[in-house]
Structure formats: structure tokens, C-alpha cells
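Okay, so here's the structure we're looking at.
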Amino acid sequence: MGAPGGGTGHEDRQAGRTDGAVDPALELQHFLVELGAALNAAGEAVSSVQERLSRVAVARGAGDVRVSAFPTFTMVAMGRGEPATLENTLAVPVAPQLDQIAALDRLATEAERGRVEPGDGTHRLHEIRGMRRRFGPVAAVAGYAVLASGLCLLLRPAPGEVATAAVLGAVVGTLLELAHRSPSFRVLVPLVAAFSVSALAATAVEHDIVAAGLRAVVAPLVVFLPGATLTTAVLELTAGQVVAGASRFVAGLLQLGLLAFGIVAGIEAVDPQVSLLARSSEDLLPVWVPWAGVLVLAAGVTVANSVP
């Protein structure tokens, strides 16, 4: 949508060319604002988004472009006093596909070098948004189970904890698949996943079903840790983007709080006396196992997150 500007004599840009041709300035502006929104959604720092969009504009001969990027929206004006176009960014806790991020980065890099026409770039952005995952829902759930097993192996667990982590990883994968189909459920996924994992682990401990130490609980929930969010927030604060950095930092802390609350609530719902910390077996796997865990983790990430 457009925001009013202070310039005059630009009605042709707002309404389009009367001869039926596409206005190059409008086409570039549309491409820039959509590219910025896509980079925002991929989790790139706003300072980097602004720099990249400015380089794209310069490569197309539009050095007077004004770009304002924030974590939730991007705004682009083609010059001082020109009308601005704004595009919202829908931030969701579900991790984006890695093949989409790779394709988006290639497109942005080519555009910075002037190798992409704005119209073609917009078309490619739409194609990237519509990319299907390399693996289906069942394979993705299995991928999360393998991913959780690999993370658990990195912590050198007991044999029973690896199997428990795989089962709990499948539970998390199922919840993430439901989130893909229900946008209203996405916000609750970290809390529901933390509650479900800790409650199931506490139940297993209470009834001596299977070993479920802290390693088995942590591994499936690592995918919700806001490490990228907090890192990006620090980069933005360092670059002087105080509003964006502070808001992203608070969002990351809130995510951690929801995870902690979900874990505690899940244990309390089953039995407050259950201690997952105390359920650590001395029958640990050999010291070389964490190295194998790296390969298992890579396989899980490849399937679960659609690695290109």
C-alpha cells in the first residue's frame, strides 16, 4: 500500500503510465519493497536490509532511493518528497525453509550487481515464496526426530535418552507441521511444544517407562531457541538500529521465557516432585558418540528444514 508524500507532479507514477507501459520507477520501487520484506522475514538485520536495497537501487541507476527497514515492515521512497511504499513482514516462530533463504540470497546478490530486472526479480520472489519443501510432512516429522537424536548425541547421553529424544522430536515435528497449516496456532507452538515435551518426559520418569533425563528434554526444544534472533538483535544494536535491535532482543527474551514456562508447567502438571535433572544415568555412551551426532544432526536438519 502507499503512504502519501510531500511531492507534486507524480500522479503518473501513482496511477501508472497512460500509454499502458510499466513505469520503471514504480516497478523498481515495488521490487525493492518486496525484496526488503522477504529479507526481513528471513531474519536478516535491518541495517543489512537497508544496505542491500540501497545497493540494488544504485545498480539500477536510482541513487536517491530512501529505504527504512524495521523487523515488521519495510518502506521505500524513490527520492526526497516522493510517495513511499510500505510492505509488512509477517514474523512467525516457524523456521523458514533453508532452500528458500538460499534462493532469496542468490536473488539479492544478483540484484545488487545489476543483473536482475525489477519485473523479473518480483516474479522470482513470488516463485521463492511458493517453493514446495523437498520432503513431505511425514518425512519432515521423521527429520525432526533424527535432528533431536543428533542433538542429544552431542551431549553424550545414555542410550535410553537418545530413543526418548527421538520420540519427543517427532512430537515437536508434528506440532510444527500443524503450525504450517494453521497460522493462528503458530504463536503458541513454542509454549505448547515445551509443555508437551516436559509433561511426556515427566510422565515417563514418574512411571519408570524409559529414561528421560534433561538431555532428552533439551534436544527436541533446541529448534525453538531464539539464537538467531538474539544474534541479529546484537548486530542491529551495534549498528545503531536501537528501535529494531531492542524490540528484537525483547522478542527473543520473551521466547526464552515461554519455553521456560512451558517446561516448568509441563512438569508441574504431572508431578511437582519429578526431577529430570536427577534422572541422569551413569551408563553414558562412548566419548566418540558426539562426533557421530554431528552427522546425525546434519541429516535431520537436511530433511526437516529442506536444505538446498
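Identifiers for the C-alpha cells are assigned positionally: chains receive A, B, ... in sequence, residues are indexed from 1 per chain, and ligands are indexed from 1 in the order shown.
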Polymer residues at most 10 Å from A:Arg115, only C-alpha atoms, same-chain spacing of 6 or more positions, as a short mmCIF file (atom, residue, chain, number, x, y, z; two decimals) with all heavy atoms, in the first residue's frame:
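In the end it all went to part_23.cif:
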```cif
data_model
loop_
_atom_site.label_atom_id
_atom_site.label_comp_id
_atom_site.auth_asym_id
_atom_site.auth_seq_id
_atom_site.Cartn_x
_atom_site.Cartn_y
_atom_site.Cartn_z
N VAL A 56 21.05 -2.28 -4.51
CA VAL A 56 20.21 -2.67 -5.65
C VAL A 56 19.74 -1.44 -6.40
O VAL A 56 19.77 -1.38 -7.64
CB VAL A 56 19.01 -3.51 -5.18
CG1 VAL A 56 18.05 -3.76 -6.34
CG2 VAL A 56 19.47 -4.83 -4.59
N ALA A 59 22.52 0.14 -8.36
CA ALA A 59 22.83 -0.67 -9.54
C ALA A 59 21.83 -0.42 -10.67
O ALA A 59 22.16 -0.60 -11.85
CB ALA A 59 22.83 -2.16 -9.17
N ARG A 60 20.61 0.02 -10.32
CA ARG A 60 19.59 0.33 -11.33
C ARG A 60 19.54 1.82 -11.66
O ARG A 60 18.62 2.29 -12.32
CB ARG A 60 18.20 -0.11 -10.84
CG ARG A 60 18.08 -1.57 -10.45
CD ARG A 60 18.47 -2.52 -11.54
NE ARG A 60 17.77 -2.29 -12.80
CZ ARG A 60 17.98 -2.96 -13.91
NH1 ARG A 60 18.93 -3.90 -13.93
NH2 ARG A 60 17.30 -2.70 -15.02
N LEU A 107 19.16 -14.25 -5.24
CA LEU A 107 18.44 -13.20 -5.96
C LEU A 107 18.93 -11.82 -5.53
O LEU A 107 19.18 -10.94 -6.37
CB LEU A 107 16.94 -13.34 -5.71
CG LEU A 107 16.05 -12.20 -6.25
CD1 LEU A 107 16.21 -12.08 -7.75
CD2 LEU A 107 14.60 -12.45 -5.87
N ALA A 108 19.08 -11.61 -4.21
CA ALA A 108 19.52 -10.30 -3.71
C ALA A 108 20.93 -9.98 -4.18
O ALA A 108 21.23 -8.84 -4.57
CB ALA A 108 19.45 -10.28 -2.18
N THR A 109 21.80 -10.98 -4.19
CA THR A 109 23.18 -10.77 -4.64
C THR A 109 23.23 -10.40 -6.12
O THR A 109 23.96 -9.49 -6.53
CB THR A 109 24.03 -12.03 -4.38
OG1 THR A 109 24.00 -12.33 -2.97
CG2 THR A 109 25.46 -11.82 -4.82
N GLY A 121 12.73 -9.78 -11.07
CA GLY A 121 13.02 -10.00 -9.66
C GLY A 121 11.75 -10.21 -8.85
O GLY A 121 11.69 -11.09 -7.98
#
```
Discussion item. Which residues are near A:Ser247? Cut-off 9 Å, only C-alpha atoms, ignore same chain within fewer than 4 positions. Put them as a ChimeraX atom specification.
Written reply: /A:71,233,242-243,251-252
Worksheet entry | Polymer residues at most 8 Å from stretch 292-307 of chain A, only C-alpha atoms, same-chain spacing of 2 or more positions, as a PyMOL selection string | chain A and resi 95-99+133-135+139-154+288-290
Store the residues picked out above in a file with C-alpha atoms, as a CSV table (one decimal), in the first residue's frame.
```
chain,number,residue,atom,x,y,z
A,95,ALA,CA,11.6,-21.7,11.0
A,96,PRO,CA,11.7,-20.7,7.2
A,97,GLN,CA,12.9,-23.2,4.6
A,98,LEU,CA,16.6,-23.1,4.1
A,99,ASP,CA,16.3,-23.6,0.4
A,133,ARG,CA,9.5,-28.3,0.6
A,134,ARG,CA,11.8,-31.0,-0.7
A,135,PHE,CA,10.3,-33.6,1.6
A,139,ALA,CA,9.5,-37.1,6.2
A,140,ALA,CA,9.7,-33.7,7.9
A,141,VAL,CA,8.4,-35.2,11.2
A,142,ALA,CA,10.9,-38.0,10.9
A,143,GLY,CA,13.6,-35.4,10.2
A,144,TYR,CA,12.8,-33.6,13.4
A,145,ALA,CA,13.1,-37.0,15.3
A,146,VAL,CA,16.6,-37.5,13.7
A,147,LEU,CA,17.5,-33.9,14.4
A,148,ALA,CA,16.6,-34.3,18.1
A,149,SER,CA,18.6,-37.6,18.3
A,150,GLY,CA,21.6,-35.9,16.8
A,151,LEU,CA,21.4,-33.0,19.3
A,152,CYS,CA,21.1,-35.5,22.1
A,153,LEU,CA,24.1,-37.4,20.9
A,154,LEU,CA,26.1,-34.2,21.0
A,288,TRP,CA,33.3,-40.6,20.2
A,289,VAL,CA,29.5,-40.5,20.0
A,290,PRO,CA,29.2,-36.7,19.9
```
Could you tell me, as a compact mmCIF listing (two decimals) with N, CA, C and O atoms, in the first residue's frame, which residues of stretch 52-185 of chain A DSSP assigns to strand (DSSP E) when given the backbone?
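What ended up in result35.txt:
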```
# COMPACT_ATOMS: atom_id res chain seq x y z
N ARG A 66 15.26 6.16 -0.82
CA ARG A 66 15.28 6.19 0.63
C ARG A 66 14.65 4.90 1.15
O ARG A 66 13.52 4.57 0.79
N VAL A 67 15.40 4.17 1.98
CA VAL A 67 14.92 2.88 2.50
C VAL A 67 14.87 2.94 4.01
O VAL A 67 15.84 3.36 4.66
N SER A 68 13.76 2.53 4.59
CA SER A 68 13.61 2.40 6.04
C SER A 68 13.13 0.97 6.32
O SER A 68 12.03 0.59 5.89
N ALA A 69 13.94 0.20 7.01
CA ALA A 69 13.59 -1.19 7.31
C ALA A 69 13.46 -1.39 8.81
O ALA A 69 14.27 -0.87 9.59
N PHE A 70 12.43 -2.10 9.21
CA PHE A 70 12.21 -2.48 10.59
C PHE A 70 11.86 -3.97 10.61
O PHE A 70 11.54 -4.54 9.56
N PHE A 73 8.25 -4.33 9.05
CA PHE A 73 7.86 -3.74 7.78
C PHE A 73 9.06 -3.08 7.11
O PHE A 73 10.08 -2.78 7.74
N THR A 74 8.91 -2.82 5.80
CA THR A 74 9.91 -2.13 5.00
C THR A 74 9.23 -1.01 4.23
O THR A 74 8.14 -1.21 3.69
N MET A 75 9.87 0.16 4.16
CA MET A 75 9.29 1.31 3.47
C MET A 75 10.34 1.87 2.51
O MET A 75 11.50 2.06 2.87
N VAL A 76 9.92 2.13 1.27
CA VAL A 76 10.83 2.59 0.23
C VAL A 76 10.22 3.79 -0.47
O VAL A 76 9.05 3.77 -0.88
N ALA A 77 11.00 4.86 -0.60
CA ALA A 77 10.62 6.04 -1.39
C ALA A 77 11.70 6.24 -2.45
O ALA A 77 12.89 6.05 -2.19
N ALA A 84 5.89 7.06 -0.66
CA ALA A 84 6.56 5.87 -0.13
C ALA A 84 5.64 4.66 -0.23
O ALA A 84 4.43 4.78 -0.11
N THR A 85 6.23 3.50 -0.44
CA THR A 85 5.51 2.23 -0.46
C THR A 85 5.94 1.41 0.74
O THR A 85 7.13 1.30 1.03
N LEU A 86 4.97 0.81 1.42
CA LEU A 86 5.25 0.06 2.64
C LEU A 86 4.79 -1.38 2.45
O LEU A 86 3.72 -1.63 1.88
N GLU A 87 5.58 -2.32 2.93
CA GLU A 87 5.24 -3.74 2.87
C GLU A 87 5.46 -4.35 4.24
O GLU A 87 6.53 -4.22 4.84
N ASN A 88 4.41 -5.00 4.78
CA ASN A 88 4.50 -5.62 6.09
C ASN A 88 5.26 -6.94 6.01
O ASN A 88 5.25 -7.63 5.00
```
Discussion item. What parts of stretch 141-252 of chain A does DSSP call helix (DSSP H, G or I)? I'd like the answer as number ranges by chain.
Written reply: A: 141-154, 159-181, 183-186, 189-206, 214-224, 227-238, 242-252
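Nearest to A:Phe249 of all the residues A:Ala228, A:Val287, A:Ala194, A:Ala269 is A:Ala228, based on only C-alpha atoms.
Here atom CA of A:Ala62 and atom CA of A:Arg124 stand 21.1 Å from one another.
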Sort by chain and increasing residue number a table of all residues of stretch 74-191 of chain A within 10 Å of stretch 199-207 of chain A, each with its closest pair of atoms and their distance in Å to one decimal, counting only C-alpha atoms, and write it as CSV.
```
residue,atom,partner,partner_atom,distance
A:Thr164,CA,A:Ala201,CA,8.1
A:Ala165,CA,A:Ala201,CA,9.4
A:Val167,CA,A:Leu200,CA,9.9
A:Leu168,CA,A:Leu200,CA,8.0
A:Val171,CA,A:Leu200,CA,9.8
```
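One distance worth recording is that between atom CA of A:Leu253 and atom CA of A:Leu237, which is 15.3 Å.
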Closest-contact table, stretch 195-247 of chain A side, partner stretch 48-55 of chain A, 10 Å, counting only C-alpha atoms, as a Markdown table:
```
| residue | atom | partner | partner_atom | distance |
| --- | --- | --- | --- | --- |
| A:Leu235 | CA | A:Ser48 | CA | 9.5 |
| A:Glu236 | CA | A:Ser48 | CA | 8.8 |
| A:Ala239 | CA | A:Ser48 | CA | 9.4 |
```
Worksheet item: Counting only C-alpha atoms, which of A:Ala246, A:Leu225, A:Ile209, A:Leu191 gets nearest to A:Gly262?
Response: A:Leu191
